[in-house]
file model.pdb (PDB, C-alpha atoms)
ATOM      1  CA  MET A   1     -18.173  13.295   0.206  1.00  0.00           C
ATOM      2  CA  PHE A   2     -21.309  12.607  -1.776  1.00  0.00           C
ATOM      3  CA  ASN A   3     -23.797   9.801  -2.136  1.00  0.00           C
ATOM      4  CA  ILE A   4     -24.869   8.573  -5.549  1.00  0.00           C
ATOM      5  CA  ARG A   5     -28.519   7.633  -5.901  1.00  0.00           C
ATOM      6  CA  LEU A   6     -29.659   5.235  -8.568  1.00  0.00           C
ATOM      7  CA  ASN A   7     -33.377   4.955  -9.179  1.00  0.00           C
ATOM      8  CA  SER A   8     -34.592   1.583 -10.358  1.00  0.00           C
ATOM      9  CA  LYS A   9     -36.022   1.532 -13.889  1.00  0.00           C
ATOM     10  CA  ASP A  10     -38.228  -1.512 -13.354  1.00  0.00           C
ATOM     11  CA  ASN A  11     -40.696   0.307 -11.029  1.00  0.00           C
ATOM     12  CA  GLN A  12     -39.444  -1.329  -7.836  1.00  0.00           C
ATOM     13  CA  SER A  13     -39.820   0.643  -4.666  1.00  0.00           C
ATOM     14  CA  GLY A  14     -36.706   1.952  -2.982  1.00  0.00           C
ATOM     15  CA  LYS A  15     -33.410   3.424  -4.082  1.00  0.00           C
ATOM     16  CA  VAL A  16     -29.837   2.251  -4.238  1.00  0.00           C
ATOM     17  CA  VAL A  17     -27.332   4.701  -2.753  1.00  0.00           C
ATOM     18  CA  TYR A  18     -23.609   4.414  -3.387  1.00  0.00           C
ATOM     19  CA  ASN A  19     -21.219   6.213  -1.075  1.00  0.00           C
ATOM     20  CA  ALA A  20     -18.464   8.094  -2.909  1.00  0.00           C
ATOM     21  CA  GLY A  21     -15.875   6.044  -1.004  1.00  0.00           C
ATOM     22  CA  ILE A  22     -17.185   2.874  -2.622  1.00  0.00           C
ATOM     23  CA  VAL A  23     -16.893   4.371  -6.098  1.00  0.00           C
ATOM     24  CA  HIS A  24     -13.416   5.684  -5.195  1.00  0.00           C
ATOM     25  CA  ASN A  25     -12.310   2.157  -4.201  1.00  0.00           C
ATOM     26  CA  ILE A  26     -13.747   0.692  -7.403  1.00  0.00           C
ATOM     27  CA  VAL A  27     -11.715   3.218  -9.426  1.00  0.00           C
ATOM     28  CA  ALA A  28      -8.553   2.393  -7.434  1.00  0.00           C
ATOM     29  CA  LEU A  29      -9.029  -1.340  -8.068  1.00  0.00           C
ATOM     30  CA  ALA A  30      -9.638  -0.702 -11.768  1.00  0.00           C
ATOM     31  CA  ILE A  31      -6.335   1.179 -12.021  1.00  0.00           C
ATOM     32  CA  ALA A  32      -4.505  -1.606 -10.172  1.00  0.00           C
ATOM     33  CA  GLU A  33      -5.821  -4.157 -12.695  1.00  0.00           C
ATOM     34  CA  VAL A  34      -3.983  -2.429 -15.563  1.00  0.00           C
ATOM     35  CA  GLU A  35      -0.479  -3.823 -15.974  1.00  0.00           C
ATOM     36  CA  GLY A  36       2.178  -1.122 -16.040  1.00  0.00           C
ATOM     37  CA  ALA A  37       0.183   1.467 -14.089  1.00  0.00           C
ATOM     38  CA  LEU A  38       0.447   2.274 -10.406  1.00  0.00           C
ATOM     39  CA  PRO A  39      -1.874   4.570  -8.493  1.00  0.00           C
ATOM     40  CA  VAL A  40      -0.249   7.692  -7.089  1.00  0.00           C
ATOM     41  CA  GLN A  41       0.643   7.177  -3.437  1.00  0.00           C
ATOM     42  CA  GLY A  42      -0.145   9.866  -0.943  1.00  0.00           C
ATOM     43  CA  LYS A  43      -2.833  11.622   0.964  1.00  0.00           C
ATOM     44  CA  LYS A  44      -5.353  11.988  -1.879  1.00  0.00           C
ATOM     45  CA  SER A  45      -4.331   8.862  -3.848  1.00  0.00           C
ATOM     46  CA  GLY A  46      -4.672  10.720  -7.151  1.00  0.00           C
ATOM     47  CA  ILE A  47      -8.382  10.008  -7.692  1.00  0.00           C
ATOM     48  CA  SER A  48     -10.988  12.774  -7.940  1.00  0.00           C
ATOM     49  CA  LEU A  49     -14.638  12.046  -8.674  1.00  0.00           C
ATOM     50  CA  TYR A  50     -17.211  14.631  -9.748  1.00  0.00           C
ATOM     51  CA  LEU A  51     -20.905  13.860  -9.747  1.00  0.00           C
ATOM     52  CA  GLU A  52     -23.034  15.690 -12.273  1.00  0.00           C
ATOM     53  CA  LYS A  53     -26.611  15.103 -13.381  1.00  0.00           C
ATOM     54  CA  ASP A  54     -25.459  13.238 -16.491  1.00  0.00           C
ATOM     55  CA  GLY A  55     -23.013  10.928 -14.659  1.00  0.00           C
ATOM     56  CA  ILE A  56     -19.598  10.639 -13.047  1.00  0.00           C
ATOM     57  CA  TYR A  57     -16.484  12.450 -14.214  1.00  0.00           C
ATOM     58  CA  ALA A  58     -13.213  10.978 -12.946  1.00  0.00           C
ATOM     59  CA  ASP A  59      -9.691  12.405 -12.825  1.00  0.00           C
ATOM     60  CA  VAL A  60      -7.034   9.822 -12.040  1.00  0.00           C
ATOM     61  CA  SER A  61      -3.314  10.349 -11.572  1.00  0.00           C
ATOM     62  CA  VAL A  62      -0.995   7.412 -12.149  1.00  0.00           C
ATOM     63  CA  VAL A  63       2.645   6.452 -12.251  1.00  0.00           C
ATOM     64  CA  VAL A  64       3.729   4.450 -15.300  1.00  0.00           C
ATOM     65  CA  LYS A  65       6.375   1.751 -15.293  1.00  0.00           C
ATOM     66  CA  TYR A  66       9.180   2.266 -17.798  1.00  0.00           C
ATOM     67  CA  GLY A  67       8.772   0.432 -21.086  1.00  0.00           C
ATOM     68  CA  TYR A  68       4.995   0.767 -21.472  1.00  0.00           C
ATOM     69  CA  ASN A  69       3.315   2.729 -24.248  1.00  0.00           C
ATOM     70  CA  VAL A  70       1.799   5.701 -22.390  1.00  0.00           C
ATOM     71  CA  PRO A  71      -1.141   6.506 -24.735  1.00  0.00           C
ATOM     72  CA  GLU A  72      -2.136   2.825 -24.880  1.00  0.00           C
ATOM     73  CA  LEU A  73      -1.835   2.481 -21.116  1.00  0.00           C
ATOM     74  CA  ALA A  74      -3.964   5.601 -20.538  1.00  0.00           C
ATOM     75  CA  TYR A  75      -6.643   4.205 -22.876  1.00  0.00           C
ATOM     76  CA  ARG A  76      -6.643   0.878 -21.011  1.00  0.00           C
ATOM     77  CA  ILE A  77      -7.003   2.726 -17.692  1.00  0.00           C
ATOM     78  CA  GLN A  78      -9.959   4.690 -19.066  1.00  0.00           C
ATOM     79  CA  GLN A  79     -11.658   1.528 -20.282  1.00  0.00           C
ATOM     80  CA  SER A  80     -10.982  -0.347 -17.044  1.00  0.00           C
ATOM     81  CA  VAL A  81     -12.366   2.451 -14.863  1.00  0.00           C
ATOM     82  CA  LYS A  82     -15.434   2.967 -17.050  1.00  0.00           C
ATOM     83  CA  GLN A  83     -16.247  -0.732 -17.263  1.00  0.00           C
ATOM     84  CA  SER A  84     -15.678  -1.421 -13.553  1.00  0.00           C
ATOM     85  CA  VAL A  85     -17.741   1.499 -12.274  1.00  0.00           C
ATOM     86  CA  GLU A  86     -20.604   0.930 -14.709  1.00  0.00           C
ATOM     87  CA  ASN A  87     -20.723  -2.826 -14.082  1.00  0.00           C
ATOM     88  CA  MET A  88     -20.507  -2.635 -10.292  1.00  0.00           C
ATOM     89  CA  THR A  89     -22.746   0.393  -9.735  1.00  0.00           C
ATOM     90  CA  ARG A  90     -24.706   0.658 -12.985  1.00  0.00           C
ATOM     91  CA  TYR A  91     -23.989   4.380 -12.851  1.00  0.00           C
ATOM     92  CA  LYS A  92     -22.890   6.127 -16.070  1.00  0.00           C
ATOM     93  CA  VAL A  93     -19.274   7.271 -16.401  1.00  0.00           C
ATOM     94  CA  ILE A  94     -19.069  10.283 -18.694  1.00  0.00           C
ATOM     95  CA  SER A  95     -15.299  10.729 -18.830  1.00  0.00           C
ATOM     96  CA  VAL A  96     -12.077   9.502 -17.278  1.00  0.00           C
ATOM     97  CA  ASP A  97      -9.120  11.875 -17.514  1.00  0.00           C
ATOM     98  CA  VAL A  98      -5.760  10.191 -16.931  1.00  0.00           C
ATOM     99  CA  HIS A  99      -2.818  12.254 -15.690  1.00  0.00           C
ATOM    100  CA  VAL A 100       0.600  10.563 -15.856  1.00  0.00           C
ATOM    101  CA  GLN A 101       2.580  11.971 -12.929  1.00  0.00           C
ATOM    102  CA  ASP A 102       5.816  10.032 -13.273  1.00  0.00           C
ATOM    103  CA  VAL A 103       7.641   7.148 -14.904  1.00  0.00           C
ATOM    104  CA  VAL A 104       9.391   4.680 -12.612  1.00  0.00           C
ATOM    105  CA  PHE A 105      12.438   2.673 -13.578  1.00  0.00           C
ATOM    106  CA  GLU A 106      12.449  -0.586 -11.647  1.00  0.00           C
ATOM    107  CA  ASN A 107      15.904  -1.802 -12.647  1.00  0.00           C
ATOM    108  CA  ALA A 108      17.591   1.524 -13.235  1.00  0.00           C
ATOM    109  CA  PRO A 109      21.367   1.585 -12.768  1.00  0.00           C
ATOM    110  CA  SER A 110      22.416   3.314  -9.576  1.00  0.00           C
ATOM    111  CA  ALA A 111      24.195   6.645  -9.729  1.00  0.00           C
ATOM    112  CA  GLU A 112      26.855   5.477  -7.291  1.00  0.00           C
ATOM    113  CA  PRO A 113      29.806   3.586  -8.786  1.00  0.00           C
ATOM    114  CA  THR A 114      30.142  -0.068  -7.844  1.00  0.00           C
ATOM    115  CA  GLU A 115      33.245  -1.447  -6.137  1.00  0.00           C
ATOM    116  CA  LYS A 116      34.494  -2.848  -9.429  1.00  0.00           C
ATOM    117  CA  GLU A 117      34.159   0.535 -11.151  1.00  0.00           C
ATOM    118  CA  GLU A 118      35.985   2.233  -8.261  1.00  0.00           C
ATOM    119  CA  GLU A 119      38.866  -0.277  -8.506  1.00  0.00           C
ATOM    120  CA  GLU A 120      39.147   0.318 -12.264  1.00  0.00           C
ATOM    121  CA  GLN A 121      39.282   4.080 -11.730  1.00  0.00           C
ATOM    122  CA  ASN A 122      41.969   3.708  -9.048  1.00  0.00           C
ATOM    123  CA  GLU A 123      44.075   1.482 -11.335  1.00  0.00           C
ATOM    124  CA  GLU A 124      43.900   4.104 -14.124  1.00  0.00           C
ATOM    125  CA  ASN A 125      45.160   6.830 -11.765  1.00  0.00           C
TER     126      ASN A 125
END
call {"tool": "encode", "arguments": {"input": "model.pdb", "output": "structure tokens"}}
result
Amino acid sequence: MFNIRLNSKDNQSGKVVYNAGIVHNIVALAIAEVEGALPVQGKKSGISLYLEKDGIYADVSVVVKYGYNVPELAYRIQQSVKQSVENMTRYKVISVDVHVQDVVFENAPSAEPTEKEEEEQNEEN
């Protein structure tokens, strides 16, 4: 885990230090704000942050709900993450790479036949 230091530009004494966990949570909230996207569930939560001298690079993995335009959704995630991190920490976000891991179907028909379908099949036989 790393700490992000931000030196004040208005010649004030002291430094502001952001823990990587704080930035991670800001990215997770930014993803949750985008309708149609869900953060990947699991041990690593699908968010990787890389600190370089020029700013933060973020890799985020998401699950998309069926029916949403994937390129548009990825763009909205990028904008949400960039805006949230830069506004809350004033640290520069260089890039946000979005990886779509899966598409979920909320109201998908079940693979098992219903009782009505079973009765119709029995009547045909």
call {"tool": "closest_residue", "arguments": {"input": "model.pdb", "among": "A:Val85, A:Leu29, A:Ile47, A:Val103", "to": "Val64 (chain A)", "atoms": "all atoms listed in the file"}}
result
A:Val103
call {"tool": "atom_distance", "arguments": {"input": "model.pdb", "atom1": "CA of Val100 (chain A)", "atom2": "CA of Met88 (chain A)"}}
result
25.5 Å
call {"tool": "resolve_selection", "arguments": {"input": "model.pdb", "expression": "the PyMOL selection byres ((chain A and resi 101) around 12)", "output": "list in words"}}
result
Ala37, Leu38, Pro39, Val40, Gln41, Ser45, Gly46, Val60, Ser61, Val62, Val63, Val64, Lys65, Val70, Ala74, Val98, His99, Val100, Asp102, Val103 and Val104 of chain A
call {"tool": "atom_distance", "arguments": {"input": "model.pdb", "atom1": "CA of Val34 (chain A)", "atom2": "CA of Arg76 (chain A)"}}
result
6.9 Å
call {"tool": "closest_residue", "arguments": {"input": "model.pdb", "among": "A:Tyr91, A:Tyr66, A:Pro71, A:Lys82", "to": "Glu106 (chain A)", "atoms": "all atoms listed in the file"}}
result
A:Tyr66
